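Student: Take a look at this one; I'll ask things after.
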Amino acid sequence: MKKLILLLLVLNIILISCNDHVEKGKRWSAEKASAWYDKQPWLVGCNFVPSTAINQLEMWQEDTFDPETIDRELGWASKLGFNVVRVYLHDLAYEQDPDGFLNRIDQYLEIADSHGIKTMFVIFDDCWLDDPKSGQQPEPWTGVHNSGWLESPGLPQLKRYPTDENLRLRLEKYAKAVMNRFDEDKRVLMWDLYNEPGGWWYRRGDKPGEFEKGLTDSLCLPLLNDVYSWARQVDPSQPITTCWNRGEHEVDAAFNKADVVTFHSYGSISYLENLIQKLREGAPDRPIICTEYLNRSGDCRFQNYLPILAEQKIGAINWGLVAGKTNTMWPWRSWEKPDQEEPKEWHHDILRQDGTPFDKEETAFIQSIIKQERKTLSR
């Protein structure tokens, strides 16, 4: 009898192992994604870049990596009640200094973890300046929103990507190196493989989106498909995603490829509610996280978004923490009409560089609703 029981146990272990092997490298089931999400607290935080960096390269390159500022500002984020930040990486930072880049990510994660903050890393990005260069980065344009933010890999690279095998191999090496290094790291919440694929491309001196309009919608697809394939080959312990923003290619990735559904919303309350309904219909039973919001002039505020997201059990990650070199206190329209004066109503961001809030009532609300919601979830 004992031998029979032992045999059954062995067979059961083999069966579980076989099932795990079958699942490896495949999209998480809705049940697995939900089980992962149920273990998380209410995820609330911000997209984070230290106030001393104009873009991803200035954040991650050795000469300008600023752990002191990162530590101070993530401490402020923790005091707000934030437990997650979304952080952009860049392929050129890896190409320039692979080992140093990965070690700086590890150092950053140690700092974030010391403040009780997990990180969602973004691998590629289709927004803002379209032809990034490593090395010293430009100074900000006064009064111009995100005047130095960089695409990764950039529009010229996307054009070459389908026929440039060396470029494809370089980007594959970068993406896999980062995920392989941190694929079991509990400090990493999840991987956002590609921010707003087909997004927005600007050049200094051009009006936003006026050249080659719509071209990136199709150009992004080869890299978007490949980065999902690379991520599945790595098979990280954390879920993977790409945000839903506006395009059909994003809908396919969000509904059919992502483990967890993520989205951006900068519109009114009704826009947010309609979008949530669309996402729930498109990907039923999967967790949802809003990974960008906050457009105060567009009625997209903490006071009206956070109650809805809390009620719907949706994670909430706004754009911006400390107003700094990214200039994201200024609105998007500042690309066409720069403003030398600080806007009376900030577009993004929460705190000044000394840690004081733009709006004391707003930060008090953030702290209050986070505390209230976590107390409710802990019962």
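Chain labels A, B, ... are given in the sequence in which chains occur in the structure tokens; within each chain residues are numbered consecutively from 1, and ligands are likewise numbered from 1 in the order shown.
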Using only C-alpha atoms, which residues sit within 7 Å of Thr262 in chain A once same-chain residues fewer than 5 positions away are excluded, as a PDB file with C-alpha atoms, in the first residue's frame?
Tutor:
```
ATOM      1  CA  THR A 241       1.987  43.748 -20.810  1.00  0.00           C
ATOM      2  CA  THR A 242       1.750  46.561 -23.332  1.00  0.00           C
ATOM      3  CA  CYS A 243      -0.650  49.439 -22.841  1.00  0.00           C
ATOM      4  CA  TRP A 244      -3.866  50.031 -24.721  1.00  0.00           C
ATOM      5  CA  ILE A 288      -6.433  45.855 -15.258  1.00  0.00           C
ATOM      6  CA  ILE A 289      -3.963  48.605 -14.371  1.00  0.00           C
ATOM      7  CA  CYS A 290      -4.030  52.214 -15.562  1.00  0.00           C
ATOM      8  CA  THR A 291      -0.358  53.002 -16.214  1.00  0.00           C
TER       9      THR A 291
END
```
Student: Can you list, as number ranges by chain, every protein, DNA or RNA residue that comes within 6 Å of Asn318 in chain A when you count only C-alpha atoms, leaving out same-chain residues fewer than 6 positions away?
Tutor: A: 46, 292-294
Student: Would you mind telling me which residue in A:Thr69, A:Gln238, A:Ser114, A:Asn47 lies nearest to Met179 in chain A when using only C-alpha atoms?
Tutor: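 The shortest atom-to-atom distance to Met179 in chain A comes from A:Gln238.
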Student: Which residues in range 83-115 of chain A does DSSP call strand (DSSP E)? List them as number ranges by chain.
Tutor: A: 84-88
Student: Skipping near chain neighbours, those fewer than 5 positions away, what residues fall within 9 Å of Ile105 in chain A using only C-alpha atoms, listed as a list of chain:residue names?
Tutor: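 Within the cut-off, the hits are A:Trp60, A:Gly100, A:Glu110, A:Val178.
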Student: What would the file look like if the residues just selected were written as a PDB file, in the first residue's frame with C-alpha atoms?
Tutor:
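Here's the written file part_23.pdb:
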```
ATOM      1  CA  TRP A  60      20.641  55.604 -16.627  1.00  0.00           C
ATOM      2  CA  GLY A 100      27.165  49.029 -15.875  1.00  0.00           C
ATOM      3  CA  GLU A 110      17.651  48.314  -4.029  1.00  0.00           C
ATOM      4  CA  VAL A 178      17.403  42.955 -18.908  1.00  0.00           C
TER       5      VAL A 178
END
```
Student: Give me the residues within 12 Å of Ile117 in chain A as a PyMOL selection string, counting only C-alpha atoms and dropping any in the same chain fewer than 3 places off.
Tutor: chain A and resi 41+43-46+48+71+73-87+108-114+120+186-189
Student: May I ask which of the residues A:Gly148, A:Gly116, A:Pro307, A:Pro197 is the closest one to Glu58 in chain A, counting only C-alpha atoms?
Tutor: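 Smallest separation from Glu58 in chain A among the options: A:Gly148.
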Student: May I have all residues of range 103-267 of chain A that DSSP, computed from the backbone, assigns to helix (DSSP H, G or I), given as a ChimeraX atom specification?
Tutor: /A:103-114,155-160,165-182,215-219,221-234,248-256
Student: So the first atom is CA of Thr163 in chain A and the second is CA of Ser218 in chain A; what is the distance between them in Å, to one decimal place?
Tutor: 14.7 Å
Student: Between A:Leu351, A:Thr119, A:Asn55, A:Asp226, which has the minimum distance to Ile317 in chain A (counting only C-alpha atoms)?
Tutor: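 Nearest to Ile317 in chain A: A:Thr119.
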Student: I'd like the contact shell of Phe124 in chain A - 10 Å cut-off, only C-alpha atoms, skipping same-chain residues fewer than 6 positions apart - returned as a ChimeraX atom specification.
Tutor: /A:88-91,151-154,171,175,192-197,223-224,227,242
Student: Please produce a file of the residues just selected, as a tab-separated table (two decimals), in the first residue's frame, where the atoms kept are C-alpha atoms.
Tutor:
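File written: result18.tsv
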```tsv
chain	number	residue	atom	x	y	z
A	88	TYR	CA	11.52	53.61	-18.60
A	89	LEU	CA	14.73	51.95	-19.73
A	90	HIS	CA	16.55	52.58	-23.04
A	91	ASP	CA	18.31	50.31	-25.51
A	151	GLU	CA	11.88	57.06	-28.25
A	152	SER	CA	13.49	53.65	-27.99
A	153	PRO	CA	14.72	52.55	-30.45
A	154	GLY	CA	13.40	55.53	-32.50
A	171	LEU	CA	17.49	44.95	-29.65
A	175	ALA	CA	15.56	43.10	-24.10
A	192	ASP	CA	5.77	46.75	-19.91
A	193	LEU	CA	7.33	45.66	-23.18
A	194	TYR	CA	6.47	48.63	-25.40
A	195	ASN	CA	4.99	51.98	-24.44
A	196	GLU	CA	2.33	53.28	-26.82
A	197	PRO	CA	3.53	51.41	-29.92
A	223	LEU	CA	9.26	44.96	-33.12
A	224	LEU	CA	6.05	44.70	-31.08
A	227	VAL	CA	9.46	41.67	-28.13
A	242	THR	CA	1.75	46.56	-23.33
```
Student: Mind pulling up the distance from CA of Phe121 in chain A to CA of Met190 in chain A?
Tutor: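 Atom-to-atom, CA of Met190 in chain A and CA of Phe121 in chain A are spaced 6.9 Å apart.
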Student: For each of A:Leu321, A:Ile369, A:Val144, A:Leu377, take the minimum atom-to-atom distance to Arg352 in chain A, counting only C-alpha atoms, then give the residue where this is smallest.
Tutor: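 Counting only C-alpha atoms, the residue closest to Arg352 in chain A is A:Leu321.
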Student: Would you pick out the contacts of Gly282 in chain A at 10 Å or less, using only C-alpha atoms, so that residues sharing its chain but fewer than 3 positions from it are not included, and give the list as a short mmCIF file (atom, residue, chain, number, x, y, z; two decimals) with C-alpha atoms, in the first residue's frame?
Tutor:
```
data_model
loop_
_atom_site.label_atom_id
_atom_site.label_comp_id
_atom_site.auth_asym_id
_atom_site.auth_seq_id
_atom_site.Cartn_x
_atom_site.Cartn_y
_atom_site.Cartn_z
CA VAL A 251 -5.91 46.39 -28.90
CA ASP A 252 -4.59 43.09 -30.27
CA ALA A 254 -3.72 44.09 -24.88
CA PHE A 255 -6.51 41.59 -25.51
CA ASN A 256 -4.63 38.67 -27.04
CA VAL A 261 -4.29 44.53 -19.30
CA ILE A 276 -12.84 50.42 -18.62
CA GLN A 277 -16.03 48.80 -19.93
CA LYS A 278 -14.40 48.22 -23.33
CA LEU A 279 -11.34 46.64 -21.71
CA ASP A 285 -11.47 38.17 -16.07
CA ARG A 286 -8.02 39.70 -16.53
#
```
Student: Would you mind listing what lies within 12 Å of Glu311 in chain A as a list in words, with only C-alpha atoms counted and same-chain residues fewer than 5 positions away left out?
Tutor: Trp42, Glu273, Ile276, Asn304, Tyr305, Leu306, Ala316, Ile369, Ile370, Gln372, Glu373, Arg374, Thr376 and Leu377 of chain A
Student: What is the distance between CA of Glu184 in chain A and CA of Lys39 in chain A, in Å to one decimal?
Tutor: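 These atoms are spaced 16.6 Å apart.
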Student: Which residue gives the smallest distance to Glu95 in chain A among A:Phe65, A:Thr326, A:Tyr161, A:Ala177, with only C-alpha atoms counted?
Tutor: A:Ala177
